[in-house]
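Enquirer: I am sharing query09.pdb, which consists of PDB, C-alpha atoms:
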```
ATOM      1  CA  MET A   1       5.258  57.384   2.577  1.00  0.00           C
ATOM      2  CA  PRO A   2       4.207  61.017   2.250  1.00  0.00           C
ATOM      3  CA  LYS A   3       1.080  62.154   0.436  1.00  0.00           C
ATOM      4  CA  PHE A   4       1.330  64.772  -2.293  1.00  0.00           C
ATOM      5  CA  LEU A   5      -1.136  67.203  -3.786  1.00  0.00           C
ATOM      6  CA  ILE A   6      -0.454  67.776  -7.494  1.00  0.00           C
ATOM      7  CA  GLU A   7      -2.053  70.631  -9.400  1.00  0.00           C
ATOM      8  CA  ARG A   8      -2.190  70.202 -13.153  1.00  0.00           C
ATOM      9  CA  GLU A   9      -3.211  73.053 -15.461  1.00  0.00           C
ATOM     10  CA  VAL A  10      -5.164  71.370 -18.276  1.00  0.00           C
ATOM     11  CA  PRO A  11      -7.169  73.782 -20.449  1.00  0.00           C
ATOM     12  CA  GLY A  12     -10.682  72.411 -20.895  1.00  0.00           C
ATOM     13  CA  ALA A  13     -10.199  69.650 -18.299  1.00  0.00           C
ATOM     14  CA  SER A  14     -13.823  69.772 -17.168  1.00  0.00           C
ATOM     15  CA  LYS A  15     -14.943  69.284 -20.782  1.00  0.00           C
ATOM     16  CA  LEU A  16     -13.034  66.022 -21.281  1.00  0.00           C
ATOM     17  CA  THR A  17     -15.326  63.165 -22.255  1.00  0.00           C
ATOM     18  CA  ALA A  18     -15.629  59.919 -20.303  1.00  0.00           C
ATOM     19  CA  GLU A  19     -13.599  58.222 -23.026  1.00  0.00           C
ATOM     20  CA  GLU A  20     -10.840  60.828 -22.792  1.00  0.00           C
ATOM     21  CA  LEU A  21     -10.727  60.571 -19.003  1.00  0.00           C
ATOM     22  CA  THR A  22     -10.570  56.776 -19.263  1.00  0.00           C
ATOM     23  CA  ALA A  23      -7.609  57.088 -21.631  1.00  0.00           C
ATOM     24  CA  VAL A  24      -5.809  59.488 -19.265  1.00  0.00           C
ATOM     25  CA  ALA A  25      -6.398  57.124 -16.338  1.00  0.00           C
ATOM     26  CA  GLY A  26      -5.107  54.199 -18.370  1.00  0.00           C
ATOM     27  CA  ARG A  27      -1.951  56.068 -19.342  1.00  0.00           C
ATOM     28  CA  SER A  28      -1.385  57.051 -15.700  1.00  0.00           C
ATOM     29  CA  CYS A  29      -1.864  53.489 -14.459  1.00  0.00           C
ATOM     30  CA  GLY A  30       0.532  52.168 -17.094  1.00  0.00           C
ATOM     31  CA  VAL A  31       3.268  54.541 -15.909  1.00  0.00           C
ATOM     32  CA  LEU A  32       2.524  53.647 -12.273  1.00  0.00           C
ATOM     33  CA  ARG A  33       3.033  49.952 -13.078  1.00  0.00           C
ATOM     34  CA  GLU A  34       6.400  50.795 -14.662  1.00  0.00           C
ATOM     35  CA  LEU A  35       7.495  52.805 -11.606  1.00  0.00           C
ATOM     36  CA  GLY A  36       6.611  50.118  -9.057  1.00  0.00           C
ATOM     37  CA  SER A  37       5.245  50.204  -5.533  1.00  0.00           C
ATOM     38  CA  ASP A  38       6.926  53.444  -4.406  1.00  0.00           C
ATOM     39  CA  ILE A  39       4.110  55.518  -5.927  1.00  0.00           C
ATOM     40  CA  GLN A  40       0.308  55.188  -5.759  1.00  0.00           C
ATOM     41  CA  TRP A  41      -2.506  57.304  -7.187  1.00  0.00           C
ATOM     42  CA  GLU A  42      -5.355  57.862  -4.723  1.00  0.00           C
ATOM     43  CA  ARG A  43      -7.733  60.053  -6.738  1.00  0.00           C
ATOM     44  CA  SER A  44      -8.081  63.134  -8.897  1.00  0.00           C
ATOM     45  CA  TYR A  45     -10.537  66.016  -8.924  1.00  0.00           C
ATOM     46  CA  ILE A  46     -11.418  67.892 -12.102  1.00  0.00           C
ATOM     47  CA  ASN A  47     -12.589  71.485 -11.953  1.00  0.00           C
ATOM     48  CA  GLY A  48     -12.511  73.993 -14.771  1.00  0.00           C
ATOM     49  CA  ASP A  49      -9.047  74.003 -16.295  1.00  0.00           C
ATOM     50  CA  LYS A  50      -7.401  72.056 -13.464  1.00  0.00           C
ATOM     51  CA  ILE A  51      -6.901  68.476 -12.425  1.00  0.00           C
ATOM     52  CA  THR A  52      -5.866  68.152  -8.788  1.00  0.00           C
ATOM     53  CA  CYS A  53      -4.490  64.767  -7.763  1.00  0.00           C
ATOM     54  CA  VAL A  54      -3.556  63.033  -4.528  1.00  0.00           C
ATOM     55  CA  TYR A  55      -0.633  60.607  -4.692  1.00  0.00           C
ATOM     56  CA  ILE A  56       1.332  58.636  -2.133  1.00  0.00           C
ATOM     57  CA  ALA A  57       4.978  58.446  -3.120  1.00  0.00           C
ATOM     58  CA  LYS A  58       8.461  57.925  -1.809  1.00  0.00           C
ATOM     59  CA  ASP A  59       9.408  61.478  -2.783  1.00  0.00           C
ATOM     60  CA  GLU A  60       8.560  64.433  -5.011  1.00  0.00           C
ATOM     61  CA  ALA A  61      11.055  63.317  -7.647  1.00  0.00           C
ATOM     62  CA  LEU A  62       9.013  60.153  -8.248  1.00  0.00           C
ATOM     63  CA  VAL A  63       5.807  62.206  -8.592  1.00  0.00           C
ATOM     64  CA  ARG A  64       7.531  64.379 -11.187  1.00  0.00           C
ATOM     65  CA  GLU A  65       8.939  61.300 -12.980  1.00  0.00           C
ATOM     66  CA  HIS A  66       5.390  59.939 -13.286  1.00  0.00           C
ATOM     67  CA  ALA A  67       4.230  63.260 -14.747  1.00  0.00           C
ATOM     68  CA  MET A  68       7.105  63.368 -17.242  1.00  0.00           C
ATOM     69  CA  ARG A  69       6.640  59.779 -18.435  1.00  0.00           C
ATOM     70  CA  GLY A  70       2.870  60.155 -18.695  1.00  0.00           C
ATOM     71  CA  LYS A  71       3.160  63.542 -20.383  1.00  0.00           C
ATOM     72  CA  PHE A  72       1.027  65.112 -17.643  1.00  0.00           C
ATOM     73  CA  PRO A  73       1.721  68.620 -16.354  1.00  0.00           C
ATOM     74  CA  ALA A  74       2.742  68.882 -12.691  1.00  0.00           C
ATOM     75  CA  ASP A  75       2.547  72.623 -12.211  1.00  0.00           C
ATOM     76  CA  ARG A  76       2.592  72.442  -8.415  1.00  0.00           C
ATOM     77  CA  VAL A  77       3.588  69.538  -6.188  1.00  0.00           C
ATOM     78  CA  ALA A  78       3.230  69.879  -2.419  1.00  0.00           C
ATOM     79  CA  VAL A  79       3.531  67.493   0.513  1.00  0.00           C
ATOM     80  CA  ILE A  80       0.234  67.204   2.391  1.00  0.00           C
ATOM     81  CA  SER A  81       1.049  67.928   6.029  1.00  0.00           C
ATOM     82  CA  ALA A  82      -2.370  67.070   7.506  1.00  0.00           C
ATOM     83  CA  ILE A  83      -5.833  65.911   6.469  1.00  0.00           C
ATOM     84  CA  ILE A  84      -9.019  66.616   8.370  1.00  0.00           C
ATOM     85  CA  ASP A  85     -12.536  65.433   7.612  1.00  0.00           C
ATOM     86  CA  PRO A  86     -15.779  64.951   9.558  1.00  0.00           C
ATOM     87  CA  ALA A  87     -14.140  62.216  11.678  1.00  0.00           C
ATOM     88  CA  SER A  88     -11.668  64.847  12.890  1.00  0.00           C
ATOM     89  CA  GLU A  89     -14.436  66.230  15.110  1.00  0.00           C
ATOM     90  CA  ASN A  90     -13.816  63.153  17.265  1.00  0.00           C
ATOM     91  CA  GLY A  91     -10.059  63.632  17.277  1.00  0.00           C
ATOM     92  CA  ALA A  92      -9.017  61.567  14.242  1.00  0.00           C
ATOM     93  CA  LEU A  93      -6.719  63.282  11.783  1.00  0.00           C
ATOM     94  CA  TRP A  94      -3.979  62.291   9.376  1.00  0.00           C
ATOM     95  CA  LYS A  95      -0.746  64.121  10.084  1.00  0.00           C
ATOM     96  CA  SER A  96       2.811  63.575   8.936  1.00  0.00           C
ATOM     97  CA  ARG A  97       2.165  60.208   7.279  1.00  0.00           C
ATOM     98  CA  GLU A  98       0.121  58.603  10.070  1.00  0.00           C
ATOM     99  CA  LEU A  99      -3.306  58.606  11.667  1.00  0.00           C
ATOM    100  CA  VAL A 100      -3.303  60.550  14.931  1.00  0.00           C
ATOM    101  CA  MET A 101      -5.985  60.480  17.616  1.00  0.00           C
ATOM    102  CA  ALA A 102      -6.091  63.844  19.383  1.00  0.00           C
TER     103      ALA A 102
END
```
With the file now loaded, output its structure as structure tokens.

Expert:
Amino acid sequence: MPKFLIEREVPGASKLTAEELTAVAGRSCGVLRELGSDIQWERSYINGDKITCVYIAKDEALVREHAMRGKFPADRVAVISAIIDPASENGALWKSRELVMA
């Protein structure tokens, strides 16, 4: 399944308390359970007024359905075409849904 990068504009996101973030995560996980195994949340990054998330999903429509049901903004949704990290120096990279050794 493809990976998606979701950008969410959330004013004051970096000021959310641990309790508020726990509640958001709980609401997200509840919607994910309803939607089934065709969508998974990997992680989210909070910076300023944005929450940027990485999801694995069957398609963009399912990502947007999760956002709608959870009442989360999904201002931008993009398919991740490749991922590099320090291991990529040795030829390992994630591209088009699979690990590739260059």

Enquirer: Would you mind reading off the distance between atom CA of A:Gly12 and atom CA of A:Ala61, one decimal, in Å?

Expert: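 About the pair atom CA of A:Gly12 and atom CA of A:Ala61: they are 27.0 Å apart.
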
Enquirer: For a quick check of understanding, using only C-alpha atoms, which of A:Glu42, A:Glu65, A:Glu34, A:Glu60 has the smallest distance to A:Ala78?

Expert: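 Of A:Glu42, A:Glu65, A:Glu34, A:Glu60, the one nearest A:Ala78, counting only C-alpha atoms, is A:Glu60.
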
Enquirer: Could you give me, as a list in words, the residues within 12 Å of A:Pro11, counting all atoms listed in the file and dropping anything in the same chain fewer than 4 positions from it?

Expert: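 My reading of the contact set: Lys15, Leu16, Ile46, Asn47, Gly48, Asp49, Lys50, Ile51 and Pro73 of chain A.
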
Enquirer: Using all atoms listed in the file, can you tell me which of A:Ala74, A:Ala87, A:Ile39, A:Ala23 comes closest to A:Arg8?

Expert: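 For A:Arg8, the nearest of the given residues is A:Ala74.
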
Enquirer: For this file, the PyMOL selection byres ((chain A and resi 27) around 12) selects which residues, as a list of chain:residue names?

Expert: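 Taken on the displayed file, the PyMOL selection byres ((chain A and resi 27) around 12) yields the residues A:Glu20, A:Leu21, A:Thr22, A:Ala23, A:Val24, A:Ala25, A:Gly26, A:Ser28, A:Cys29, A:Gly30, A:Val31, A:Leu32, A:Arg33, A:Glu34, A:His66, A:Ala67, A:Met68, A:Arg69, A:Gly70, A:Lys71, A:Phe72.
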
Enquirer: Would you write out, as a list of chain:residue names, every residue that the PyMOL selection byres ((chain A and resi 1) around 7) captures in this file?

Expert: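 Listing what the PyMOL selection byres ((chain A and resi 1) around 7) selects in the shown file: A:Pro2, A:Lys3, A:Ile56, A:Ala57, A:Lys58, A:Arg97.
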
Enquirer: So, counting only C-alpha atoms, which residue among A:Leu62, A:Ala92, A:Ile84, A:Leu5 is closest to A:Ser44?

Expert: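 Looking at the shortest contact to A:Ser44, the residue is A:Leu5.
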
Enquirer: Choose the residue, out of A:Asp59, A:Phe4, A:Ser81, A:Gly91, that has the smallest atom-to-atom separation from A:Arg43; count all atoms listed in the file.

Expert: A:Phe4
